[in-house]
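Data file: structure.csv. Format and content: CSV, C-alpha atoms.
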chain,number,residue,atom,x,y,z
O,154,MET,CA,169.8,-106.5,144.9
O,155,GLU,CA,173.6,-106.8,145.3
O,156,ILE,CA,175.6,-103.6,145.9
O,157,THR,CA,179.1,-103.4,147.1
O,158,ILE,CA,180.8,-100.1,148.1
O,159,ASP,CA,184.5,-99.3,148.3
O,160,ARG,CA,185.2,-96.7,150.9
O,161,GLN,CA,188.8,-96.4,149.5
O,162,LYS,CA,187.5,-95.0,146.1
O,163,SER,CA,187.5,-91.3,145.4
O,164,GLN,CA,183.9,-91.6,144.1
O,165,SER,CA,181.4,-90.8,146.8
O,166,LEU,CA,179.3,-93.6,148.3
O,167,TYR,CA,176.0,-92.3,147.0
O,168,GLN,CA,177.4,-92.2,143.5
O,169,GLN,CA,178.7,-95.8,143.8
O,170,ILE,CA,175.3,-96.9,144.9
O,171,ALA,CA,173.5,-95.0,142.1
O,172,GLU,CA,175.9,-96.4,139.4
O,173,GLN,CA,175.5,-100.0,140.5
O,174,VAL,CA,171.7,-99.6,140.5
O,175,LYS,CA,171.8,-98.1,137.0
O,176,THR,CA,174.0,-101.0,135.9
O,177,GLN,CA,171.6,-103.6,137.3
O,178,ILE,CA,168.7,-101.9,135.6
O,179,SER,CA,170.4,-101.5,132.2
O,180,THR,CA,171.5,-105.2,132.2
O,181,GLY,CA,168.1,-106.4,133.1
O,182,ARG,CA,168.9,-107.7,136.6
O,183,LEU,CA,166.4,-105.2,137.9
O,184,PRO,CA,163.5,-105.2,135.5
O,185,ALA,CA,160.9,-102.4,135.0
O,186,GLY,CA,158.5,-102.4,138.0
O,187,ALA,CA,160.9,-104.1,140.3
O,188,ARG,CA,160.7,-102.9,143.9
O,189,LEU,CA,163.9,-101.5,145.4
O,190,PRO,CA,164.7,-101.8,149.1
O,191,THR,CA,163.6,-99.0,151.4
O,192,VAL,CA,166.1,-96.3,152.2
O,193,ARG,CA,166.3,-97.7,155.7
O,194,GLN,CA,166.8,-101.3,154.6
O,195,LEU,CA,169.5,-100.5,152.1
O,196,ALA,CA,171.3,-98.1,154.5
O,197,ARG,CA,171.4,-100.9,157.1
O,198,GLN,CA,172.6,-103.5,154.5
O,199,LEU,CA,175.4,-101.3,153.3
O,200,ALA,CA,176.3,-99.8,156.7
O,201,VAL,CA,175.9,-96.2,155.4
O,202,SER,CA,173.7,-93.4,156.5
O,203,ARG,CA,170.1,-93.1,155.3
O,204,LEU,CA,171.1,-89.7,153.8
O,205,THR,CA,173.6,-91.5,151.5
O,206,VAL,CA,170.9,-93.8,150.2
O,207,GLN,CA,168.4,-91.0,149.9
O,208,ASP,CA,171.0,-89.0,147.8
O,209,ALA,CA,171.6,-92.1,145.5
O,210,TYR,CA,167.8,-92.6,145.1
O,211,GLY,CA,167.3,-88.9,144.5
O,212,GLU,CA,169.9,-88.9,141.7
O,213,LEU,CA,168.3,-92.0,140.1
O,214,LYS,CA,164.9,-90.5,140.3
O,215,GLY,CA,166.1,-87.2,138.8
O,216,GLN,CA,167.6,-89.1,135.9
O,217,GLY,CA,164.4,-91.1,135.4
O,218,TRP,CA,165.7,-94.5,136.4
O,219,ILE,CA,163.4,-95.0,139.3
O,220,GLU,CA,160.0,-93.8,140.6
O,221,ALA,CA,159.0,-93.3,144.3
O,222,THR,CA,155.5,-93.1,145.7
O,223,VAL,CA,154.9,-92.3,149.3
O,224,GLY,CA,153.3,-95.3,151.0
O,225,ARG,CA,154.0,-97.6,148.1
O,226,GLY,CA,157.8,-97.7,147.7
O,227,THR,CA,160.5,-97.2,145.2
O,228,PHE,CA,160.3,-99.0,141.8
O,229,VAL,CA,162.3,-99.2,138.6
O,230,SER,CA,160.8,-97.0,136.0
O,231,SER,CA,159.3,-98.6,132.9
Show me the file's structure as structure tokens.
Amino acid sequence: MEITIDRQKSQSLYQQIAEQVKTQISTGRLPAGARLPTVRQLARQLAVSRLTVQDAYGELKGQGWIEATVGRGTFVSS
């Protein structure tokens, strides 16, 4: 999963992450059932705090784009 963030944008980092994940899901680059990186992995990859990634995943989950199960991981909703 490729995500790039622009710290110069007025849009918050978590919103940038959420929007890019949504785009990848809607275009089919992330199909239903695809496993997303853990919060820790994605935070490290993007050099942001875990809270930023948690907020992005929380927004995506609230909108029905992803599902998270403790112990299993985070997956694209079907």
CA of Ile156 (chain O) to CA of Val174 (chain O), straight-line distance in Å: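 These atoms are spaced 7.8 Å apart.
Among O:Ala187, O:Gly211, O:Leu204, O:Leu195, the residue with the shortest atom-to-atom distance to Ser230 (chain O), counting all atoms listed in the file, is O:Ala187.
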One number please: CA of Glu220 (chain O) to CA of Thr191 (chain O), in Å, one decimal.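 Spanning CA of Glu220 (chain O) to CA of Thr191 (chain O) is a straight-line distance of 12.5 Å.
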Closest of O:Ser231, O:Gln168, O:Ser202, O:Gln216 to Pro184 (chain O) - atom-to-atom distances counting all atoms listed in the file: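 Looking only at the distances to Pro184 (chain O), the closest residue turns out to be O:Ser231.
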Between CA of Glu155 (chain O) and CA of Gln173 (chain O), what is the spacing in Å?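 Interatomic distance here is 8.5 Å.
Near Arg203 (chain O), within a cut-off of 12 Å and counting only C-alpha atoms, sit the residues O:Leu166, O:Tyr167, O:Pro190, O:Thr191, O:Val192, O:Arg193, O:Gln194, O:Leu195, O:Ala196, O:Arg197, O:Gln198, O:Leu199, O:Ala200, O:Val201, O:Thr205, O:Val206, O:Gln207, O:Asp208, O:Ala209, O:Tyr210, O:Gly211, with same-chain residues fewer than 2 positions away left out.
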Would you give me, as JSON lines, each residue of region 169-195 of chain O having an atom within 9 Å of an atom of region 212-215 of chain O, along with its shortest atom pair and that distance in Å to one decimal, using all atoms listed in the file and sorting by chain and residue number?
{"residue": "O:Ala171", "atom": "CA", "partner": "O:Leu213", "partner_atom": "CA", "distance": 6.3}
{"residue": "O:Glu172", "atom": "CA", "partner": "O:Leu213", "partner_atom": "CA", "distance": 8.8}
{"residue": "O:Val174", "atom": "CA", "partner": "O:Leu213", "partner_atom": "CA", "distance": 8.3}
{"residue": "O:Lys175", "atom": "CA", "partner": "O:Leu213", "partner_atom": "CA", "distance": 7.7}
Rank O:Gln169, O:Arg182, O:Arg188, O:Gln164 by their smallest atom-to-atom distance to Ala221 (chain O), using all atoms listed in the file, and report the top residue only. O:Arg188
Since the input lacks atoms, please generate N, CA and C atoms for region 174-185 of chain O and provide them as a short mmCIF file (atom, residue, chain, number, x, y, z; two decimals), in the frame of the given file.
data_model
loop_
_atom_site.label_atom_id
_atom_site.label_comp_id
_atom_site.auth_asym_id
_atom_site.auth_seq_id
_atom_site.Cartn_x
_atom_site.Cartn_y
_atom_site.Cartn_z
N VAL O 174 173.11 -99.45 140.81
CA VAL O 174 171.70 -99.60 140.50
C VAL O 174 171.42 -99.44 139.06
N LYS O 175 172.00 -98.39 138.47
CA LYS O 175 171.80 -98.10 137.00
C LYS O 175 172.31 -99.32 136.22
N THR O 176 173.46 -99.86 136.59
CA THR O 176 174.00 -101.00 135.90
C THR O 176 173.07 -102.21 135.95
N GLN O 177 172.53 -102.45 137.13
CA GLN O 177 171.60 -103.60 137.30
C GLN O 177 170.32 -103.37 136.50
N ILE O 178 169.87 -102.14 136.39
CA ILE O 178 168.70 -101.90 135.60
C ILE O 178 168.98 -102.05 134.12
N SER O 179 170.09 -101.48 133.65
CA SER O 179 170.40 -101.50 132.20
C SER O 179 170.74 -102.94 131.74
N THR O 180 171.23 -103.79 132.63
CA THR O 180 171.50 -105.20 132.20
C THR O 180 170.34 -106.11 132.41
N GLY O 181 169.25 -105.61 132.98
CA GLY O 181 168.10 -106.40 133.10
C GLY O 181 167.97 -107.18 134.45
N ARG O 182 168.98 -107.04 135.30
CA ARG O 182 168.90 -107.70 136.60
C ARG O 182 167.81 -107.11 137.48
N LEU O 183 167.52 -105.84 137.25
CA LEU O 183 166.40 -105.20 137.90
C LEU O 183 165.43 -104.74 136.80
N PRO O 184 164.40 -105.50 136.54
CA PRO O 184 163.50 -105.20 135.50
C PRO O 184 162.53 -104.03 135.83
N ALA O 185 161.90 -103.45 134.83
CA ALA O 185 160.90 -102.40 135.00
C ALA O 185 159.85 -102.88 136.01
#
